[in-house]
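Q: Pasting run-v9.txt here (compact mmCIF, C-alpha atoms):
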# COMPACT_ATOMS: atom_id res chain seq x y z
CA MET A 1 16.90 16.25 19.75
CA GLN A 2 15.50 17.12 23.15
CA ILE A 3 14.53 15.01 26.10
CA ALA A 4 12.14 16.09 28.84
CA ILE A 5 13.00 15.95 32.54
CA PRO A 6 10.61 17.03 35.34
CA LEU A 7 12.18 19.50 37.78
CA SER A 8 11.25 20.51 41.30
CA ASP A 9 12.99 23.90 40.97
CA ASN A 10 14.37 26.21 38.31
CA LYS A 11 18.15 26.51 38.76
CA GLY A 12 19.44 25.70 35.30
CA LEU A 13 21.67 22.62 35.20
CA GLU A 14 21.79 22.71 39.02
CA SER A 15 18.00 22.12 39.25
CA SER A 16 16.76 19.08 41.17
CA ILE A 17 15.03 16.36 39.18
CA SER A 18 11.49 15.87 40.47
CA THR A 19 10.33 12.32 41.15
CA VAL A 20 6.79 13.51 40.41
CA PHE A 21 5.96 13.33 36.70
CA ALA A 22 2.92 15.53 36.06
CA ARG A 23 2.54 17.72 39.16
CA CYS A 24 6.08 19.14 39.13
CA PRO A 25 6.49 22.90 38.60
CA PHE A 26 8.94 22.82 35.65
CA TYR A 27 10.23 20.71 32.81
CA MET A 28 13.70 20.84 31.36
CA LEU A 29 13.91 20.22 27.63
CA ILE A 30 17.54 19.40 26.98
CA ASP A 31 19.72 18.08 24.21
CA PRO A 32 21.65 15.24 25.88
CA GLU A 33 24.73 15.76 23.67
CA THR A 34 25.14 19.54 23.55
CA LYS A 35 23.40 20.20 26.91
CA VAL A 36 21.54 23.10 25.33
CA PHE A 37 18.35 23.44 27.31
CA THR A 38 15.26 25.46 28.10
CA ILE A 39 13.18 25.29 31.27
CA GLU A 40 9.44 25.71 30.90
CA GLU A 41 6.59 25.90 33.37
CA ASN A 42 4.52 22.75 33.56
CA PRO A 43 1.02 23.62 32.25
CA ALA A 44 -0.42 20.55 33.97
CA GLN A 45 0.87 21.23 37.47
CA ASN A 46 -2.40 22.54 38.87
CA ALA A 47 -4.86 20.70 36.61
CA SER A 48 -7.98 19.75 38.54
CA GLY A 49 -7.74 16.29 37.01
CA GLY A 50 -5.92 14.43 34.28
CA ALA A 51 -2.54 16.08 34.94
CA GLY A 52 -0.70 12.99 33.65
CA VAL A 53 -2.64 13.07 30.38
CA LYS A 54 -2.11 16.81 29.95
CA ALA A 55 1.63 16.71 30.73
CA SER A 56 2.13 13.78 28.35
CA GLN A 57 0.23 15.57 25.58
CA TRP A 58 2.39 18.65 26.15
CA MET A 59 5.57 16.58 25.73
CA ILE A 60 4.22 14.93 22.58
CA ASP A 61 3.32 18.35 21.16
CA LYS A 62 6.84 19.58 22.00
CA GLU A 63 8.10 16.59 19.99
CA VAL A 64 10.56 15.52 22.66
CA ALA A 65 12.50 12.36 21.83
CA ALA A 66 12.35 10.78 25.28
CA VAL A 67 11.30 11.35 28.88
CA ILE A 68 13.35 10.67 31.99
CA CYS A 69 11.28 10.67 35.18
CA GLY A 70 11.14 9.13 38.64
CA ASN A 71 7.53 8.05 38.76
CA LEU A 72 5.05 7.47 35.98
CA GLY A 73 1.34 6.90 36.55
CA PRO A 74 -1.01 4.70 34.51
CA LYS A 75 -2.65 7.35 32.30
CA ALA A 76 0.59 9.16 31.46
CA HIS A 77 2.09 5.78 30.66
CA ASP A 78 -0.82 4.99 28.34
CA VAL A 79 -0.47 8.27 26.45
CA LEU A 80 3.32 8.18 26.17
CA SER A 81 3.38 4.56 25.06
CA ALA A 82 0.67 5.24 22.44
CA ALA A 83 3.03 7.91 21.10
CA LYS A 84 5.87 5.33 21.24
CA MET A 85 7.76 7.78 23.44
CA PRO A 86 10.75 6.16 25.16
CA THR A 87 10.51 6.65 28.93
CA TYR A 88 13.43 6.08 31.28
CA LYS A 89 13.56 5.69 35.01
CA PHE A 90 15.39 8.36 36.97
CA GLN A 91 17.14 6.84 39.98
CA SER A 92 19.10 9.57 41.75
CA GLY A 93 21.76 12.16 41.07
CA SER A 94 22.16 15.43 39.23
CA ILE A 95 20.99 16.36 35.75
CA GLU A 96 24.52 15.94 34.38
CA GLU A 97 24.90 12.48 35.97
CA THR A 98 21.51 11.44 34.65
CA LEU A 99 22.35 12.61 31.13
CA THR A 100 25.66 10.74 31.25
CA ALA A 101 23.79 7.60 32.28
CA TYR A 102 21.31 8.22 29.45
CA ASN A 103 24.07 8.69 26.88
CA GLU A 104 25.74 5.47 28.06
CA ASN A 105 22.42 3.58 27.83
CA LYS A 106 22.53 2.88 31.55
CA LEU A 107 18.95 3.99 32.36
CA THR A 108 16.20 1.39 32.51
CA SER A 109 13.02 1.79 30.51
CA PHE A 110 9.55 1.95 31.99
CA PHE A 111 7.63 -1.02 30.67
CA GLU A 112 4.68 -0.25 32.90
CA PRO A 113 3.57 2.49 35.29
CA ASN A 114 5.33 2.33 38.66
CA VAL A 115 2.83 4.33 40.70
CA ASP A 116 -0.96 4.56 40.98
CA ALA A 117 -3.06 7.40 39.60
CA HIS A 118 -2.85 10.61 41.69
CA ALA A 119 0.50 9.58 43.22
CA GLY A 120 1.89 13.03 42.37
CA ILE A 121 -0.76 14.94 44.33
CA GLN A 122 0.72 16.20 47.59
CA MET B 1 -40.79 22.22 54.26
CA ILE B 2 -37.38 20.88 53.28
CA ILE B 3 -34.93 20.07 56.07
CA THR B 4 -31.42 19.01 55.13
CA VAL B 5 -29.45 17.10 57.77
CA ALA B 6 -25.69 17.58 57.49
CA SER B 7 -22.64 17.47 59.73
CA GLY B 8 -19.37 17.98 57.93
CA LYS B 9 -17.74 15.17 59.88
CA GLY B 10 -18.81 11.62 59.12
CA GLY B 11 -20.18 9.36 61.84
CA THR B 12 -21.77 12.08 63.96
CA GLY B 13 -25.28 10.68 63.59
CA LYS B 14 -26.87 12.38 60.58
CA THR B 15 -28.73 9.24 59.60
CA THR B 16 -29.81 8.55 63.19
CA ILE B 17 -31.32 12.03 63.48
CA ALA B 18 -32.78 12.12 59.95
CA THR B 19 -34.44 8.69 60.16
CA ASN B 20 -35.92 9.23 63.62
CA LEU B 21 -37.12 12.73 62.81
CA ALA B 22 -38.74 11.58 59.57
CA ARG B 23 -40.42 8.59 61.23
CA THR B 24 -41.72 10.77 64.07
CA ILE B 25 -43.18 13.39 61.74
CA ALA B 26 -44.78 10.73 59.53
CA GLN B 27 -46.40 9.03 62.53
CA ALA B 28 -47.63 12.29 64.03
CA ARG B 29 -49.27 13.24 60.74
CA LYS B 30 -50.61 9.85 59.86
CA ALA B 31 -54.20 10.98 60.40
CA GLU B 32 -53.84 14.17 58.37
CA ILE B 33 -55.26 13.86 54.89
CA GLU B 34 -52.90 14.58 52.03
CA SER B 35 -49.95 15.18 54.27
CA THR B 36 -46.79 13.49 53.12
CA THR B 37 -43.48 13.01 54.85
CA TRP B 38 -40.47 11.99 52.82
CA LEU B 39 -37.05 10.85 53.91
CA ILE B 40 -34.56 11.21 51.05
CA ASP B 41 -31.16 9.57 51.47
CA CYS B 42 -28.81 11.87 49.54
CA ASP B 43 -25.66 10.03 50.63
CA VAL B 44 -25.61 8.25 47.29
CA GLU B 45 -22.08 6.91 47.73
CA ALA B 46 -23.12 4.96 50.82
CA PRO B 47 -26.89 5.15 51.38
CA ASN B 48 -27.79 3.46 54.66
CA ALA B 49 -30.97 5.11 55.93
CA ALA B 50 -32.94 2.20 54.42
CA LEU B 51 -31.31 -0.11 56.99
CA PHE B 52 -33.34 1.68 59.68
CA ILE B 53 -36.49 2.46 57.70
CA HIS B 54 -36.96 -0.98 56.04
CA PRO B 55 -38.86 0.44 53.06
CA THR B 56 -40.60 -1.46 50.29
CA PHE B 57 -39.47 0.00 46.99
CA LYS B 58 -42.13 0.48 44.33
CA LYS B 59 -40.41 2.51 41.63
CA GLU B 60 -36.95 2.74 40.15
CA LYS B 61 -35.29 5.13 37.74
CA LYS B 62 -31.90 5.05 36.09
CA VAL B 63 -29.54 8.01 36.10
CA GLU B 64 -27.60 8.24 32.89
CA ARG B 65 -24.96 10.49 31.44
CA LEU B 66 -23.78 10.99 27.87
CA LEU B 67 -20.28 9.82 27.18
CA PRO B 68 -18.29 10.55 24.02
CA VAL B 69 -17.50 7.70 21.67
CA ILE B 70 -14.69 8.35 19.23
CA HIS B 71 -15.17 6.96 15.74
CA HIS B 72 -11.54 6.40 14.88
CA ASP B 73 -12.24 5.78 11.20
CA GLN B 74 -13.56 9.37 10.93
CA CYS B 75 -10.97 11.00 13.19
CA ALA B 76 -8.52 13.20 11.31
CA GLY B 77 -6.40 13.87 14.38
CA HIS B 78 -6.96 17.65 14.53
CA GLY B 79 -6.86 17.49 18.30
CA VAL B 80 -9.64 20.07 18.78
CA CYS B 81 -11.26 17.73 21.30
CA VAL B 82 -8.04 17.67 23.35
CA ASP B 83 -7.91 21.48 23.41
CA VAL B 84 -11.55 21.96 24.47
CA CYS B 85 -11.55 19.23 27.13
CA GLU B 86 -11.38 20.94 30.53
CA SER B 87 -10.99 17.57 32.25
CA ASN B 88 -7.91 16.43 30.30
CA ALA B 89 -9.80 13.27 29.42
CA LEU B 90 -8.52 13.21 25.84
CA ALA B 91 -5.09 12.97 24.22
CA ILE B 92 -3.72 12.47 20.74
CA ALA B 93 -0.76 10.16 20.66
CA GLY B 94 0.71 8.07 17.89
CA GLY B 95 -1.97 9.36 15.49
CA LYS B 96 -4.76 8.02 17.68
CA THR B 97 -7.23 9.81 19.96
CA LEU B 98 -7.21 8.35 23.45
CA PHE B 99 -10.15 8.77 25.79
CA PHE B 100 -10.00 8.36 29.58
CA LYS B 101 -13.53 7.74 30.73
CA GLU B 102 -12.83 8.17 34.42
CA LEU B 103 -11.66 11.75 33.83
CA CYS B 104 -14.64 12.74 31.66
CA HIS B 105 -17.23 15.13 33.16
CA ALA B 106 -19.67 14.51 30.28
CA CYS B 107 -19.76 18.18 29.25
CA GLY B 108 -20.15 17.37 25.55
CA SER B 109 -17.61 19.97 24.35
CA CYS B 110 -15.62 17.42 22.33
CA VAL B 111 -18.78 16.29 20.54
CA LEU B 112 -19.79 19.86 19.68
CA ASN B 113 -16.36 20.94 18.50
CA CYS B 114 -15.03 17.97 16.51
CA PRO B 115 -14.66 19.34 12.94
CA GLU B 116 -15.12 15.84 11.48
CA GLY B 117 -18.15 14.95 13.57
CA ALA B 118 -16.18 11.89 14.62
CA ILE B 119 -17.29 12.03 18.25
CA ARG B 120 -20.82 11.00 19.10
CA GLU B 121 -22.48 10.25 22.39
CA THR B 122 -23.75 7.16 24.07
CA SER B 123 -25.59 7.02 27.35
CA GLU B 124 -24.22 5.16 30.27
CA MET B 125 -25.88 4.36 33.57
CA ILE B 126 -24.15 6.08 36.50
CA GLY B 127 -26.70 5.54 39.22
CA LEU B 128 -30.08 4.25 40.30
CA LEU B 129 -32.94 6.01 42.10
CA GLN B 130 -35.49 4.14 44.18
CA GLN B 131 -38.66 5.21 45.95
CA GLY B 132 -41.13 3.45 48.15
CA SER B 133 -42.50 3.64 51.63
CA SER B 134 -42.43 2.20 55.09
CA ASP B 135 -45.71 2.55 56.94
CA SER B 136 -46.74 6.23 56.67
CA LEU B 137 -43.24 7.41 55.76
CA ARG B 138 -42.24 7.74 52.14
CA PHE B 139 -38.67 6.99 51.33
CA ALA B 140 -36.31 7.56 48.41
CA GLN B 141 -32.62 7.01 47.83
CA GLY B 142 -30.01 7.29 45.12
CA ILE B 143 -27.21 4.80 44.57
CA LEU B 144 -24.07 5.70 42.68
CA GLU B 145 -22.93 2.90 40.38
CA ILE B 146 -19.72 1.20 41.46
CA GLY B 147 -16.78 2.54 39.49
CA PHE B 148 -18.16 6.07 39.12
CA SER B 149 -17.01 9.06 41.07
CA SER B 150 -19.60 11.79 40.56
CA PRO B 151 -22.42 11.65 43.12
CA THR B 152 -23.77 15.16 42.47
CA PRO B 153 -25.79 14.39 39.29
CA ILE B 154 -27.44 11.47 41.12
CA ILE B 155 -28.51 13.75 44.00
CA ARG B 156 -29.78 16.37 41.54
CA ASP B 157 -31.90 13.80 39.71
CA LEU B 158 -33.11 12.24 42.96
CA LYS B 159 -34.37 15.59 44.25
CA LYS B 160 -35.98 16.44 40.91
CA TRP B 161 -37.74 13.07 40.93
CA ILE B 162 -39.20 13.42 44.44
CA ILE B 163 -39.55 17.10 45.32
CA PRO B 164 -42.00 19.11 43.17
CA GLN B 165 -41.14 22.64 42.06
CA GLU B 166 -43.78 24.03 44.40
CA THR B 167 -43.92 22.08 47.64
CA GLN B 168 -47.24 21.73 49.44
CA PRO B 169 -47.46 23.24 52.94
CA ASN B 170 -48.33 19.87 54.45
CA SER B 171 -45.42 18.07 52.81
CA THR B 172 -42.16 17.61 54.66
CA TYR B 173 -38.92 16.44 53.11
CA ILE B 174 -36.04 15.33 55.29
CA LEU B 175 -32.81 15.07 53.31
CA ASP B 176 -29.98 13.02 54.76
CA ALA B 177 -26.79 14.52 53.25
CA SER B 178 -23.39 12.94 52.90
CA PRO B 179 -20.45 13.94 55.09
CA GLY B 180 -18.19 16.77 54.02
CA THR B 181 -18.94 20.21 52.60
CA ALA B 182 -18.20 19.58 48.92
CA CYS B 183 -20.49 19.49 45.86
CA PRO B 184 -22.77 16.60 47.00
CA VAL B 185 -23.55 18.43 50.25
CA VAL B 186 -24.07 21.74 48.45
CA GLU B 187 -26.50 19.97 46.10
CA SER B 188 -28.33 18.46 49.11
CA PHE B 189 -28.82 21.96 50.56
CA ARG B 190 -30.03 23.57 47.34
CA GLY B 191 -33.67 24.56 47.84
CA ALA B 192 -33.70 23.59 51.54
CA ASP B 193 -35.56 25.71 54.10
CA PHE B 194 -33.65 24.58 57.15
CA ALA B 195 -30.19 23.19 57.92
CA LEU B 196 -30.12 20.68 60.75
CA LEU B 197 -26.49 20.30 61.78
CA VAL B 198 -25.64 17.14 63.66
CA THR B 199 -22.39 17.19 65.58
CA GLU B 200 -20.53 15.38 68.32
CA PRO B 201 -18.76 17.14 71.19
CA THR B 202 -15.21 16.47 69.98
CA PRO B 203 -12.65 18.79 68.39
CA PHE B 204 -13.20 16.97 65.08
CA GLY B 205 -16.96 17.37 65.37
CA LEU B 206 -16.57 21.10 66.09
CA HIS B 207 -14.04 21.61 63.30
CA ASP B 208 -16.32 20.19 60.64
CA LEU B 209 -19.43 21.79 62.17
CA LYS B 210 -17.69 25.14 61.63
CA LEU B 211 -17.10 24.25 57.97
CA VAL B 212 -20.70 23.29 57.31
CA ALA B 213 -22.02 26.32 59.25
CA GLU B 214 -19.79 28.54 57.10
CA LEU B 215 -21.14 26.89 53.95
CA ILE B 216 -24.72 27.61 55.07
CA PHE B 217 -23.85 31.18 56.00
CA LYS B 218 -22.03 31.96 52.75
CA GLU B 219 -24.10 30.09 50.20
CA PHE B 220 -27.64 29.60 51.49
CA GLN B 221 -28.56 32.05 54.28
CA ILE B 222 -31.18 29.65 55.63
CA PRO B 223 -31.89 29.17 59.33
CA SER B 224 -30.05 26.36 61.05
CA GLY B 225 -30.00 24.48 64.33
CA ILE B 226 -27.62 22.09 66.03
CA VAL B 227 -28.17 18.60 67.40
CA ILE B 228 -25.41 17.36 69.72
CA ASN B 229 -25.20 13.61 69.40
CA LYS B 230 -23.07 11.46 71.75
CA SER B 231 -23.58 14.34 74.17
CA GLY B 232 -22.41 14.41 77.80
CA ARG B 233 -18.71 15.12 77.76
CA GLY B 234 -17.16 18.15 76.10
CA ASP B 235 -20.47 19.77 75.06
CA GLU B 236 -19.00 23.15 76.09
CA ILE B 237 -16.96 23.52 72.89
CA ILE B 238 -20.11 23.15 70.79
CA GLU B 239 -22.15 25.38 73.14
CA GLN B 240 -19.53 28.12 72.87
CA PHE B 241 -19.60 27.96 69.06
CA ALA B 242 -23.41 27.96 69.05
CA VAL B 243 -23.51 31.13 71.15
CA GLU B 244 -20.84 32.81 69.01
CA LYS B 245 -22.69 32.10 65.78
CA ASP B 246 -26.18 32.45 67.24
CA ILE B 247 -27.22 28.98 66.13
CA PRO B 248 -29.65 27.33 68.59
CA ILE B 249 -28.92 23.89 70.04
CA LEU B 250 -32.22 22.11 69.43
CA MET B 251 -31.60 18.68 70.87
CA ARG B 252 -29.06 16.43 72.56
CA VAL B 253 -28.75 12.65 72.31
CA PRO B 254 -26.53 11.23 75.04
CA LEU B 255 -23.54 8.98 74.47
CA SER B 256 -24.98 5.69 75.63
CA ARG B 257 -24.29 2.03 75.09
CA ASP B 258 -28.04 1.24 74.87
CA ILE B 259 -28.46 3.67 71.96
CA ALA B 260 -25.39 2.27 70.21
CA GLU B 261 -26.72 -1.27 70.59
CA ALA B 262 -30.14 -0.37 69.18
CA TYR B 263 -28.43 1.41 66.27
CA ALA B 264 -26.16 -1.56 65.61
CA ILE B 265 -29.11 -3.86 64.98
CA GLY B 266 -30.91 -1.34 62.76
CA THR B 267 -33.54 -0.17 65.23
CA LEU B 268 -34.77 3.40 65.32
CA LEU B 269 -34.33 5.25 68.59
CA VAL B 270 -38.03 6.08 68.65
CA ASP B 271 -38.87 2.37 68.40
CA ALA B 272 -36.28 1.16 70.91
CA PHE B 273 -36.90 3.95 73.45
CA PRO B 274 -40.42 5.40 73.17
CA GLN B 275 -39.46 8.47 75.24
CA TYR B 276 -37.55 9.66 72.17
CA LYS B 277 -40.80 10.17 70.28
CA ALA B 278 -41.49 13.23 72.42
CA LYS B 279 -37.92 14.45 71.95
CA PHE B 280 -38.11 14.20 68.16
CA ASN B 281 -41.60 15.75 68.14
CA GLY B 282 -40.07 18.59 70.15
CA LEU B 283 -37.27 18.91 67.59
CA HIS B 284 -39.78 19.12 64.75
CA LYS B 285 -41.79 21.73 66.65
CA LYS B 286 -38.71 23.88 67.30
CA ILE B 287 -37.72 23.75 63.63
CA SER B 288 -41.27 24.71 62.57
CA GLU B 289 -41.26 27.64 65.01
CA ILE B 290 -37.93 28.92 63.72
CA LEU B 291 -39.20 28.70 60.16
CA GLN B 292 -42.42 30.54 61.06
CA LYS B 293 -40.45 33.36 62.65
CA GLY B 294 -38.22 33.63 59.62
CA LEU B 295 -34.54 34.24 59.52
CA PRO B 296 -33.37 36.78 62.13
CA LYS B 297 -32.06 39.97 60.55
CA GLN B 298 -28.26 39.98 60.32
What is this file in structure tokens?

A:
Amino acid sequence: MQIAIPLSDNKGLESSISTVFARCPFYMLIDPETKVFTIEENPAQNASGGAGVKASQWMIDKEVAAVICGNLGPKAHDVLSAAKMPTYKFQSGSIEETLTAYNENKLTSFFEPNVDAHAGIQ
Amino acid sequence: MIITVASGKGGTGKTTIATNLARTIAQARKAEIESTTWLIDCDVEAPNAALFIHPTFKKEKKVERLLPVIHHDQCAGHGVCVDVCESNALAIAGGKTLFFKELCHACGSCVLNCPEGAIRETSEMIGLLQQGSSDSLRFAQGILEIGFSSPTPIIRDLKKWIIPQETQPNSTYILDASPGTACPVVESFRGADFALLVTEPTPFGLHDLKLVAELIFKEFQIPSGIVINKSGRGDEIIEQFAVEKDIPILMRVPLSRDIAEAYAIGTLLVDAFPQYKAKFNGLHKKISEILQKGLPKQ
């Protein structure tokens, strides 16, 4: 089982979790128990439009079990909830701390998007 | 003759110059048989030239685009539509195809490529075109429907509706473009003979004048001229740029409270201050002379 986490850099387990969902440069796909992971480039980062839709589709195609992210826009939320993908809110801290919180069921679920469309465009 | 009025920066006075120039030309040619002068408001996101022209509209035309409709009962979930969509407007999640209308560019790829033929098209109104006249001036505008974000197809249809393939020598078309230098402005310049660049003597005005001048230089290679609006203080920065780029300054309209007041109540400069008729006639004459001479060799 793998969960997806957006990253703002590529430094293995020391990477910083990105608060941006679809315009981040990398995603970590990690098993929360064994901590076995891969880091992949985000194919949606520079999409001219619909980055949230594309990133969500990518995660669905990768068959991840859940997503932990800081912000989630309306279209990504629509796609992920249609796929019944559990989405959890990242608050702060390292990847390890976040996974511990996830394993202890201490992360809160997204029941609705928390940012407007295009919030991830800098 | 097609003259497109642009500025880069918003609020420099494109509409002021375009409306007054069009009215002046139409009045001067009133007696000429078969001469027509058109003002076409291409700022379809916020058309406002009509506020000064007070036209009576006689004809209307809808602008439509074809949008995909997914027939879920026929969808097998192959996801081909998702792969071919350049706009990321489609997704397959939970065994269902999702469509995001606001992302769709109406390219039709999903319809063509669906192996089940489960996607068909329906037309949807995205804008309205109107044409009419005010005294001897003919007027047309496009209006983008609220909730839509693509003005360019409206401008393209508007121009196609009004401007014939082969324009008559005694027909003049003044196109009032939108601010910026993106697709809607490029579309407003397509086919134009002359670029009339309206600016104000501020660093912002100069900055965006440079952008629009660069667009003309790179994409269109048509002659251009500058009008300095709100002139009187800081004109030097524009003058310096005009000399550098060899673009003539054709006219100046001073920064004046009287002009602002006339504008604010929807009065044309040439109606409020008759001396401006001569100035706008002069502007038209200068543009005609430049066009007769042709573009100077680079």

Q: What is the CA of Ile2 (chain B) to CA of Phe189 (chain B) distance in Å?

A: 9.0 Å

Q: Sorted by chain and rising residue number, list the residues of chain A at most 8 Å from chain B (counting all atoms listed in the file), each with its closest atom pair and distance in Å to one decimal, as a Markdown table.

A:
| residue | atom | partner | partner_atom | distance |
| --- | --- | --- | --- | --- |
| A:Ser48 | CA | B:Ser87 | CA | 7.3 |
| A:Gly49 | CA | B:Ser87 | CA | 5.9 |
| A:Gly50 | CA | B:Asn88 | CA | 4.9 |
| A:Ala51 | CA | B:Asn88 | CA | 7.1 |
| A:Val53 | CA | B:Asn88 | CA | 6.3 |
| A:Lys54 | CA | B:Asn88 | CA | 5.8 |
| A:Gln57 | CA | B:Ala91 | CA | 6.1 |
| A:Ile60 | CA | B:Ala93 | CA | 7.2 |
| A:Lys75 | CA | B:Phe100 | CA | 7.9 |
| A:Val79 | CA | B:Ala93 | CA | 6.1 |
| A:Leu80 | CA | B:Ala93 | CA | 7.1 |
| A:Ala82 | CA | B:Gly94 | CA | 5.4 |
| A:Ala83 | CA | B:Gly94 | CA | 4.0 |
| A:Lys84 | CA | B:Gly94 | CA | 6.7 |

Q: Can you pull out the residues contacting Leu66 (chain B)? Cut-off 6 Å, using all atoms listed in the file, and skip same-chain residues under 4 positions away; I want them as a PyMOL selection string.

A: chain B and resi 106+121-123

Q: Using CA of Glu14 (chain A) and CA of Asp116 (chain A) as the two end points, give the distance in Å to one decimal.

A: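 So the two atoms, CA of Glu14 (chain A) and CA of Asp116 (chain A), lie 29.2 Å apart.
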
Q: Counting all atoms listed in the file, what is within 6 Å of Met28 (chain A), bar same-chain residues fewer than 3 positions away, as a PyMOL selection string?

A: chain A and resi 4-5+38-39

Q: Please report the interatomic distance between CA of Met85 (chain A) and CA of Val67 (chain A) in Å with one decimal.

A: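 Those two atoms sit 7.4 Å apart.
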
Q: Go through B:Thr24, B:Ser109, B:Ser136, B:Ser256 and flag the residue nearest Thr56 (chain B), using all atoms listed in the file for the distances.

A: B:Ser136

Q: Pick from B:Ala260, B:Met125, B:Ala50, B:Leu39: nearest to Ser171 (chain B), with all atoms listed in the file counted?

A: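 The closest residue to Ser171 (chain B) is B:Leu39.
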
Q: For Ala117 (chain A), which of A:Leu99, A:Met59, A:Leu7, A:Ala22 is the closest residue, counting only C-alpha atoms?

A: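 Answer, going by the shortest atom-to-atom distance: A:Ala22.
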
Q: Could region 218-258 of chain B be written out with C-alpha atoms, as a tab-separated table (two decimals), in the first residue's frame, please?

A:
chain	number	residue	atom	x	y	z
B	218	LYS	CA	7.42	40.45	-34.05
B	219	GLU	CA	4.07	39.22	-35.28
B	220	PHE	CA	2.56	41.72	-37.70
B	221	GLN	CA	5.15	44.10	-39.20
B	222	ILE	CA	2.49	46.73	-39.85
B	223	PRO	CA	3.09	50.47	-39.46
B	224	SER	CA	2.18	51.98	-36.13
B	225	GLY	CA	1.80	55.35	-34.46
B	226	ILE	CA	1.48	56.58	-30.90
B	227	VAL	CA	-1.17	58.73	-29.25
B	228	ILE	CA	-0.16	60.16	-25.86
B	229	ASN	CA	-3.28	60.56	-23.78
B	230	LYS	CA	-3.28	62.42	-20.43
B	231	SER	CA	-0.28	64.22	-21.89
B	232	GLY	CA	1.57	67.13	-20.25
B	233	ARG	CA	3.77	65.65	-17.57
B	234	GLY	CA	6.37	62.98	-18.20
B	235	ASP	CA	5.88	62.84	-21.99
B	236	GLU	CA	9.69	62.58	-22.36
B	237	ILE	CA	9.77	58.87	-21.48
B	238	ILE	CA	7.33	58.12	-24.31
B	239	GLU	CA	9.11	60.51	-26.71
B	240	GLN	CA	12.43	58.80	-26.03
B	241	PHE	CA	10.92	55.37	-26.74
B	242	ALA	CA	9.24	56.68	-29.91
B	243	VAL	CA	12.56	57.99	-31.24
B	244	GLU	CA	14.37	54.76	-30.33
B	245	LYS	CA	11.83	52.58	-32.12
B	246	ASP	CA	11.10	55.06	-34.91
B	247	ILE	CA	7.38	55.12	-34.17
B	248	PRO	CA	5.81	58.54	-34.83
B	249	ILE	CA	3.80	60.32	-32.14
B	250	LEU	CA	0.66	61.28	-34.05
B	251	MET	CA	-1.39	63.09	-31.46
B	252	ARG	CA	-1.54	64.21	-27.84
B	253	VAL	CA	-4.61	64.65	-25.65
B	254	PRO	CA	-3.84	66.68	-22.53
B	255	LEU	CA	-4.59	65.58	-18.98
B	256	SER	CA	-7.53	67.82	-18.22
B	257	ARG	CA	-10.44	67.83	-15.83
B	258	ASP	CA	-12.81	69.09	-18.57
